[in-house]
Each structure stands twice: as structure tokens, then as C-alpha cells.
file final.cif (mmCIF, C-alpha atoms)
data_data
#
loop_
_atom_site.label_atom_id
_atom_site.label_comp_id
_atom_site.auth_asym_id
_atom_site.auth_seq_id
_atom_site.Cartn_x
_atom_site.Cartn_y
_atom_site.Cartn_z
CA MET V 1331 86.90 34.76 2.34
CA ALA V 1332 87.62 38.44 1.74
CA GLY V 1333 90.27 39.40 -0.78
CA LEU V 1334 91.08 42.36 -3.01
CA ALA V 1335 88.49 44.98 -3.98
CA VAL V 1336 88.62 47.88 -6.46
CA VAL V 1337 86.17 50.73 -5.82
CA THR V 1338 85.81 53.63 -8.26
CA GLY V 1339 84.39 56.96 -7.16
CA ALA V 1340 85.80 56.15 -3.72
CA GLY V 1341 86.59 59.73 -2.72
CA SER V 1342 83.10 60.43 -1.37
CA GLY V 1343 79.48 59.30 -1.18
CA ILE V 1344 78.47 55.73 -1.86
CA GLY V 1345 81.92 54.87 -3.22
CA PHE V 1346 83.62 55.92 0.01
CA GLU V 1347 81.07 54.08 2.14
CA MET V 1348 81.50 50.93 0.03
CA ALA V 1349 85.26 51.15 0.50
CA ARG V 1350 84.80 51.63 4.25
CA LEU V 1351 82.40 48.69 4.51
CA LEU V 1352 84.60 46.37 2.46
CA ARG V 1353 87.63 47.23 4.55
CA LYS V 1354 85.68 46.31 7.67
CA LYS V 1355 84.75 43.04 5.98
CA GLY V 1356 88.44 42.27 5.59
CA TYR V 1357 89.11 43.34 2.02
CA PHE V 1358 92.31 45.01 0.84
CA VAL V 1359 90.69 47.98 -0.90
CA ILE V 1360 92.01 49.96 -3.86
CA LEU V 1361 90.37 53.40 -3.85
CA VAL V 1362 90.04 54.89 -7.34
CA GLY V 1363 89.20 58.54 -8.01
CA HIS V 1364 90.10 61.48 -10.24
CA ASP V 1365 90.49 64.07 -7.45
CA ARG V 1366 93.84 63.31 -5.81
CA LYS V 1367 93.22 65.56 -2.82
CA LYS V 1368 89.82 64.05 -2.10
CA LEU V 1369 91.25 60.57 -2.57
CA ARG V 1370 94.05 61.24 -0.07
CA GLU V 1371 91.55 62.63 2.43
CA ALA V 1372 89.38 59.53 2.03
CA GLY V 1373 92.40 57.31 2.59
CA GLU V 1374 93.39 59.23 5.72
CA ARG V 1375 89.87 58.92 7.10
CA LEU V 1376 89.88 55.18 6.64
CA LYS V 1377 93.32 54.77 8.20
CA ALA V 1378 92.30 56.92 11.18
CA GLU V 1379 89.20 54.81 11.76
CA ARG V 1380 90.99 51.50 11.68
CA PRO V 1381 94.80 51.91 11.87
CA LYS V 1382 95.42 48.16 12.17
CA GLY V 1383 92.82 47.08 9.65
CA LYS V 1384 93.35 45.87 6.13
CA LYS V 1385 95.59 48.02 3.95
CA ILE V 1386 94.34 50.41 1.32
CA LEU V 1387 95.87 51.65 -1.92
CA LEU V 1388 95.07 54.92 -3.68
CA PHE V 1389 94.90 55.05 -7.49
CA SER V 1390 94.28 58.38 -9.22
CA CYS V 1391 92.53 57.91 -12.55
CA ASP V 1392 90.39 60.05 -14.89
CA LEU V 1393 87.68 57.62 -15.93
CA SER V 1394 86.32 60.03 -18.56
CA ARG V 1395 89.28 58.96 -20.72
CA SER V 1396 89.39 55.50 -22.29
CA GLU V 1397 93.16 55.25 -21.99
CA GLU V 1398 92.92 55.93 -18.26
CA CYS V 1399 90.32 53.19 -17.85
CA LEU V 1400 92.61 50.78 -19.67
CA ARG V 1401 95.57 51.90 -17.55
CA LEU V 1402 93.60 50.98 -14.44
CA CYS V 1403 92.76 47.56 -15.88
CA GLU V 1404 96.32 46.88 -17.00
CA THR V 1405 97.81 47.98 -13.67
CA PHE V 1406 95.82 45.37 -11.76
CA GLN V 1407 95.58 42.75 -14.51
CA ASN V 1408 97.77 40.29 -12.63
CA TRP V 1409 96.29 41.07 -9.22
CA PRO V 1410 93.63 38.67 -7.87
CA VAL V 1411 90.81 41.24 -7.82
CA ASP V 1412 87.81 39.55 -6.18
CA LEU V 1413 85.40 42.48 -6.26
CA LEU V 1414 84.92 45.49 -8.53
CA VAL V 1415 82.53 48.27 -7.51
CA ASN V 1416 81.84 50.60 -10.46
CA CYS V 1417 80.62 53.60 -8.47
CA ALA V 1418 82.05 56.66 -10.25
CA GLY V 1419 79.32 58.76 -11.82
CA VAL V 1420 78.38 62.32 -12.73
CA GLY V 1421 75.21 64.13 -13.74
CA VAL V 1422 74.07 67.15 -15.73
CA TYR V 1423 70.76 68.94 -15.34
CA GLY V 1424 68.67 71.22 -17.55
CA ASP V 1425 66.85 71.42 -20.85
CA PHE V 1426 68.25 68.86 -23.28
CA ASP V 1427 68.55 71.34 -26.16
CA ALA V 1428 70.33 73.90 -23.97
CA LEU V 1429 72.88 71.76 -22.16
CA SER V 1430 76.50 71.72 -23.24
CA LEU V 1431 77.14 68.80 -25.57
CA GLN V 1432 80.65 68.40 -24.18
CA ALA V 1433 79.35 68.21 -20.62
CA GLU V 1434 76.95 65.46 -21.68
CA LEU V 1435 79.65 63.55 -23.55
CA ASN V 1436 81.93 63.73 -20.51
CA MET V 1437 79.10 62.37 -18.38
CA LEU V 1438 78.44 59.51 -20.80
CA ALA V 1439 82.15 58.70 -20.82
CA VAL V 1440 82.14 58.19 -17.04
CA ASN V 1441 78.65 56.75 -16.56
CA CYS V 1442 78.65 54.38 -19.54
CA ARG V 1443 81.97 53.90 -21.30
CA ALA V 1444 84.08 53.59 -18.14
CA VAL V 1445 81.65 51.13 -16.58
CA HIS V 1446 81.64 49.10 -19.80
CA ILE V 1447 85.44 48.96 -20.09
CA LEU V 1448 86.12 48.11 -16.45
CA MET V 1449 83.33 45.56 -16.26
CA LYS V 1450 84.48 43.76 -19.40
CA GLU V 1451 88.19 43.68 -18.55
CA PHE V 1452 87.83 42.68 -14.91
CA LEU V 1453 85.13 40.15 -15.77
CA LYS V 1454 87.45 38.35 -18.20
CA ASP V 1455 90.10 38.01 -15.48
CA MET V 1456 87.54 36.81 -12.92
CA GLU V 1457 86.22 34.15 -15.25
CA LYS V 1458 89.75 32.87 -15.83
CA ARG V 1459 90.22 32.52 -12.07
CA GLY V 1460 86.76 31.05 -11.57
CA ARG V 1461 85.58 33.59 -8.99
CA GLY V 1462 84.71 37.24 -8.52
CA GLN V 1463 81.97 39.82 -8.05
CA ILE V 1464 81.09 43.02 -9.91
CA LEU V 1465 78.66 45.62 -8.63
CA ASN V 1466 77.73 48.41 -11.01
CA VAL V 1467 76.16 51.43 -9.34
CA ALA V 1468 73.36 52.89 -11.47
CA SER V 1469 70.28 54.67 -10.10
CA SER V 1470 66.55 54.22 -9.77
CA ALA V 1471 66.57 56.59 -12.77
CA GLY V 1472 67.84 53.67 -14.84
CA LEU V 1473 64.64 51.74 -14.12
CA MET V 1474 62.40 54.47 -15.51
CA PRO V 1475 61.29 55.15 -19.11
CA GLY V 1476 63.00 58.55 -19.00
CA GLY V 1477 63.58 61.69 -16.98
CA PRO V 1478 62.87 65.12 -18.48
CA TYR V 1479 65.52 67.73 -17.55
CA MET V 1480 67.94 64.93 -16.72
CA THR V 1481 67.37 63.20 -20.03
CA ALA V 1482 70.93 62.08 -20.77
CA TYR V 1483 71.58 61.11 -17.15
CA TYR V 1484 68.52 58.82 -17.01
CA ALA V 1485 69.58 57.30 -20.33
CA SER V 1486 73.11 56.68 -19.04
CA LYS V 1487 71.81 54.83 -16.00
CA ALA V 1488 69.40 52.79 -18.13
CA TYR V 1489 72.46 51.73 -20.14
CA VAL V 1490 74.19 50.49 -16.98
CA VAL V 1491 71.10 48.56 -15.86
CA SER V 1492 70.64 46.94 -19.27
CA LEU V 1493 74.35 46.13 -19.60
CA THR V 1494 74.39 44.47 -16.18
CA ARG V 1495 71.25 42.45 -16.73
CA GLY V 1496 72.42 41.16 -20.08
CA ALA V 1497 75.84 40.13 -18.80
CA ALA V 1498 74.35 38.56 -15.66
CA GLU V 1499 72.02 36.40 -17.75
CA GLU V 1500 74.91 35.27 -19.95
CA LEU V 1501 76.86 34.26 -16.85
CA ARG V 1502 73.85 32.43 -15.40
CA ALA V 1503 73.29 30.54 -18.65
CA LYS V 1504 76.81 29.09 -18.56
CA ASN V 1505 76.80 28.48 -14.79
CA SER V 1506 79.61 30.94 -14.19
CA PRO V 1507 80.68 31.40 -10.55
CA VAL V 1508 81.15 35.13 -11.19
CA TYR V 1509 78.42 37.43 -9.85
CA VAL V 1510 77.33 40.64 -11.60
CA GLY V 1511 74.68 42.94 -10.14
CA VAL V 1512 73.50 46.55 -10.31
CA LEU V 1513 72.65 48.90 -7.45
CA CYS V 1514 69.77 51.30 -8.18
CA PRO V 1515 69.36 53.77 -5.30
CA GLY V 1516 67.13 56.81 -5.30
CA PRO V 1517 68.51 60.23 -4.27
CA VAL V 1518 71.38 59.83 -1.82
CA LYS V 1519 72.98 62.55 0.32
CA THR V 1520 76.25 62.84 -1.59
CA PRO V 1521 78.18 65.63 -3.42
CA PHE V 1522 76.63 64.34 -6.69
CA PHE V 1523 73.72 66.79 -6.61
CA GLU V 1524 75.89 69.77 -5.80
CA ARG V 1525 78.15 68.98 -8.77
CA ALA V 1526 75.08 68.59 -11.02
CA GLY V 1527 73.79 71.98 -9.84
CA ILE V 1528 70.56 70.71 -8.22
CA ARG V 1529 69.20 69.97 -4.78
CA ALA V 1530 68.47 66.43 -3.60
CA GLY V 1531 65.72 67.50 -1.25
CA ALA V 1532 65.19 66.41 2.33
CA GLY V 1533 64.51 62.78 1.45
CA GLY V 1534 68.01 61.82 0.32
CA ALA V 1535 69.13 58.45 1.68
CA ASP V 1536 72.16 57.95 3.87
CA PRO V 1537 75.15 56.70 1.79
CA GLU V 1538 76.32 54.37 4.59
CA LYS V 1539 72.94 52.64 4.75
CA THR V 1540 72.89 52.46 0.96
CA ALA V 1541 76.25 50.68 0.99
CA GLN V 1542 75.00 48.24 3.62
CA ALA V 1543 71.92 47.50 1.52
CA ALA V 1544 74.17 46.92 -1.48
CA TRP V 1545 76.23 44.42 0.50
CA ARG V 1546 73.14 42.51 1.61
CA GLY V 1547 71.88 42.38 -1.96
CA MET V 1548 75.22 41.07 -3.18
CA ARG V 1549 75.21 38.34 -0.52
CA LYS V 1550 71.81 37.25 -1.87
CA LYS V 1551 73.14 37.37 -5.46
CA LYS V 1552 70.45 39.83 -6.56
CA MET V 1553 70.73 41.00 -10.14
CA VAL V 1554 69.03 44.36 -9.41
CA ILE V 1555 69.36 45.86 -5.94
CA VAL V 1556 66.92 48.63 -5.02
CA PRO V 1557 67.96 49.58 -1.48
CA ASP V 1558 64.84 51.18 0.02
CA ALA V 1559 61.13 50.41 0.14
CA VAL V 1560 59.99 53.74 -1.34
CA ASN V 1561 62.00 53.22 -4.52
CA ARG V 1562 60.95 49.57 -4.76
CA ILE V 1563 57.33 50.75 -4.72
CA ALA V 1564 58.11 53.44 -7.31
CA TRP V 1565 59.79 50.84 -9.53
CA ALA V 1566 56.79 48.52 -9.26
CA ALA V 1567 54.43 51.39 -10.07
CA ALA V 1568 56.52 52.45 -13.06
CA LYS V 1569 56.20 48.95 -14.50
CA LEU V 1570 52.43 49.02 -14.17
CA LEU V 1571 51.63 52.58 -15.24
CA PRO V 1572 51.70 53.79 -18.87
CA ASP V 1573 55.00 55.46 -19.82
CA PRO V 1574 53.42 58.91 -20.45
CA ILE V 1575 52.20 59.04 -16.84
CA VAL V 1576 55.59 58.00 -15.44
CA LEU V 1577 57.31 60.59 -17.62
CA ALA V 1578 54.93 63.29 -16.43
CA VAL V 1579 55.60 62.42 -12.79
CA ASN V 1580 59.36 62.40 -13.34
CA LYS V 1581 59.09 65.78 -15.06
CA ARG V 1582 57.33 67.28 -12.05
CA ILE V 1583 60.03 65.95 -9.74
CA GLN V 1584 62.80 67.46 -11.87
CA VAL V 1585 60.96 70.78 -12.23
CA ARG V 1586 60.95 71.07 -8.43
CA LYS V 1587 64.71 70.57 -8.45
CA MET V 1588 65.08 73.19 -11.16
CA ALA V 1589 63.07 75.64 -9.03
CA GLY V 1590 65.51 75.06 -6.18
CA LYS V 1591 68.42 75.64 -8.54
CA ARG V 1592 67.00 78.96 -9.74
CA ARG V 1593 66.40 80.20 -6.18
CA ARG V 1594 70.10 79.81 -5.31
#

call {"tool": "encode", "arguments": {"input": "final.cif", "output": "C-alpha cells"}}
result
Amino acid sequence: MAGLAVVTGAGSGIGFEMARLLRKKGYFVILVGHDRKKLREAGERLKAERPKGKKILLFSCDLSRSEECLRLCETFQNWPVDLLVNCAGVGVYGDFDALSLQAELNMLAVNCRAVHILMKEFLKDMEKRGRGQILNVASSAGLMPGGPYMTAYYASKAYVVSLTRGAAEELRAKNSPVYVGVLCPGPVKTPFFERAGIRAGAGGADPEKTAQAAWRGMRKKKMVIVPDAVNRIAWAAAKLLPDPIVLAVNKRIQVRKMAGKRRR
């Protein structure tokens, strides 16, 4: 039975499509985002699509700040949150030794620290109630040994994958009814790439289909959800090939993106 869902990064992209899908599934959805205007626009779109559907609530929150993450947790501490989707994420692109340290630290705050805080706090409440689901949104980048020119981003997503796997195994070992999984999509047609200053290329996946694949994976209780066949093949190949070869391939992919950035 559907209940209450919290979705971060819900103003656009995969986060918005997850919120839309969950609302259609009967959830009361709390949309979380740092951009108030974008959040309001997302809320208006959902209301226009289904005026008599389940209600939504907007919650503006800067997840790059620990105190804001804790404020989100405390606000809904006594609410029966059945599903948390940790979808907020940012990226930076360029030579590691040339990138702004502050930009990287801000990225790590959102991609790693915020996910860690929200996952831990909501998980504790779910275990007390004996039910709940958490989906952390990482990237196929998190399944790779590294990504030159997006070095810190790849590392941040590897953190999310490792964090999820470890917690999921702990829950399995004690027969917990709470589900924890991680979504690892490849490039998706979202504003993410524009904000990172790179181009996704023509092969970016549709965010709506990515959300649907995430839902199917959650229904099957998958620990790691890779939503499309191409990235599943790439993941399998990365596990078989020596790390230096995988790193070289990833470098070529990122160099192409850098070329597109320089042409703009």
C-alpha cells in the first residue's frame, strides 16, 4: 500500500520523474529541492497533470549544508515516511589539479554527505516502524574504477554505491524488512550536464524511462539497479577488464565531452 515518499532533487530530471511516478502510484510526495522557483514549477506541473491525485508538499532545502539536511530529517521525523529517494546530485568537470577545491567540496557535500545523513536518519525511523524503502541515486560512474576529468564525481558516486551495498547487507543479515538499493544510470537527458559544463551526447537516456526502471528494480528488491542494457554490458566488461584499460576508455569518453565544452 502506497504511503508517504520524500524525493530530493525533485525540481527536475530523474528526481522530478520519480516524484511524478510515485504520485501516480498513490504516494503523498514531498518534493525537496534547493531552487524554490524550480520546485514551485515542478509542483505546479504535477498538480496540472493530476488535479485530483495524491497531494504533494514542497520543501526547500540546501543539501550542501549539514544543518539543512538535519532540518529536513527533523521536520519529518514523526511522519510515517515509507520511501526516501536520495536523488539530489551535482557534478564538476575538468582537470583535477585545476578545478576549484570549493566547487569539489560543495559537490561532495551534496553527493556524499547529504546522502549519508538522510539515509542514516530515515533508516533509523523506518527500522523502528518495521517498514520502509530507500533508493539512493548514484551513477554507472560509481561502478567504475575511476573517471579522468570527472575524478571527484566518479569517486563521489562510488561512495554512494559502497555505502548502499554495505547497509543493504547489514539489513539482510538481520532480516530487516527495510529495503535499501542504489540506482546507477548512465548519462540521462537532464540539466545535470549543463550545470557541470559538459554535453551528454546524443545517447542520453530518457529520465521518465529511468524512473520506471528504478521502480521495477525496487519491486524486485535489487541492491544495484542498472536501468539499461548498454550500461549493464559496460558494467560487466569493467569487472572483467584490467583497471588500466577501463580507465583509458573512460578518459577517452570524458575527453570527447571536454572537446564539446571547448567548442561552445

call {"tool": "atom_distance", "arguments": {"input": "final.cif", "atom1": "CA of Leu1352 (chain V)", "atom2": "CA of Lys1504 (chain V)"}}
result
28.3 Å

call {"tool": "residues_around", "arguments": {"input": "final.cif", "residues": "Glu1347 (chain V)", "least_positions_apart": "4", "cutoff": "9 Å", "atoms": "all atoms listed in the file", "output": "ChimeraX atom specification"}}
result
/V:1340,1342-1343,1351-1352,1537-1542

call {"tool": "residues_around", "arguments": {"input": "final.cif", "residues": "Leu1438 (chain V)", "least_positions_apart": "2", "cutoff": "9 Å", "atoms": "all atoms listed in the file", "output": "ChimeraX atom specification"}}
result
/V:1394,1420,1433-1436,1440-1444,1482-1483,1486

call {"tool": "write_last_selection", "arguments": {"input": "final.cif", "atoms": "C-alpha atoms", "output": "mmCIF file, in the coordinates of the input"}}
result
data_model
loop_
_atom_site.group_PDB
_atom_site.id
_atom_site.type_symbol
_atom_site.label_atom_id
_atom_site.label_comp_id
_atom_site.auth_asym_id
_atom_site.auth_seq_id
_atom_site.Cartn_x
_atom_site.Cartn_y
_atom_site.Cartn_z
ATOM 1 C CA SER V 1394 86.320 60.030 -18.560
ATOM 2 C CA VAL V 1420 78.380 62.320 -12.730
ATOM 3 C CA ALA V 1433 79.350 68.210 -20.620
ATOM 4 C CA GLU V 1434 76.950 65.460 -21.680
ATOM 5 C CA LEU V 1435 79.650 63.550 -23.550
ATOM 6 C CA ASN V 1436 81.930 63.730 -20.510
ATOM 7 C CA VAL V 1440 82.140 58.190 -17.040
ATOM 8 C CA ASN V 1441 78.650 56.750 -16.560
ATOM 9 C CA CYS V 1442 78.650 54.380 -19.540
ATOM 10 C CA ARG V 1443 81.970 53.900 -21.300
ATOM 11 C CA ALA V 1444 84.080 53.590 -18.140
ATOM 12 C CA ALA V 1482 70.930 62.080 -20.770
ATOM 13 C CA TYR V 1483 71.580 61.110 -17.150
ATOM 14 C CA SER V 1486 73.110 56.680 -19.040
#

call {"tool": "resolve_selection", "arguments": {"input": "final.cif", "expression": "the PyMOL selection byres ((chain V and resi 1535) around 8)", "output": "list in words"}}
result
Gly1516, Pro1517, Val1518, Lys1519, Gly1533, Gly1534, Asp1536, Pro1537, Lys1539 and Thr1540 of chain V

call {"tool": "write_last_selection", "arguments": {"input": "final.cif", "atoms": "C-alpha atoms", "output": "mmCIF file, in the coordinates of the input"}}
result
data_model
loop_
_atom_site.group_PDB
_atom_site.id
_atom_site.type_symbol
_atom_site.label_atom_id
_atom_site.label_comp_id
_atom_site.auth_asym_id
_atom_site.auth_seq_id
_atom_site.Cartn_x
_atom_site.Cartn_y
_atom_site.Cartn_z
ATOM 1 C CA GLY V 1516 67.130 56.810 -5.300
ATOM 2 C CA PRO V 1517 68.510 60.230 -4.270
ATOM 3 C CA VAL V 1518 71.380 59.830 -1.820
ATOM 4 C CA LYS V 1519 72.980 62.550 0.320
ATOM 5 C CA GLY V 1533 64.510 62.780 1.450
ATOM 6 C CA GLY V 1534 68.010 61.820 0.320
ATOM 7 C CA ASP V 1536 72.160 57.950 3.870
ATOM 8 C CA PRO V 1537 75.150 56.700 1.790
ATOM 9 C CA LYS V 1539 72.940 52.640 4.750
ATOM 10 C CA THR V 1540 72.890 52.460 0.960
#

call {"tool": "closest_residue", "arguments": {"input": "final.cif", "among": "V:Gln1407, V:Val1422, V:Asn1505, V:Leu1465", "to": "Tyr1484 (chain V)", "atoms": "all atoms listed in the file"}}
result
V:Val1422

call {"tool": "resolve_selection", "arguments": {"input": "final.cif", "expression": "the PyMOL selection byres ((chain V and resi 1462) around 7)", "output": "PyMOL selection string"}}
result
chain V and resi 1412-1413+1456+1461+1463-1464+1508-1509
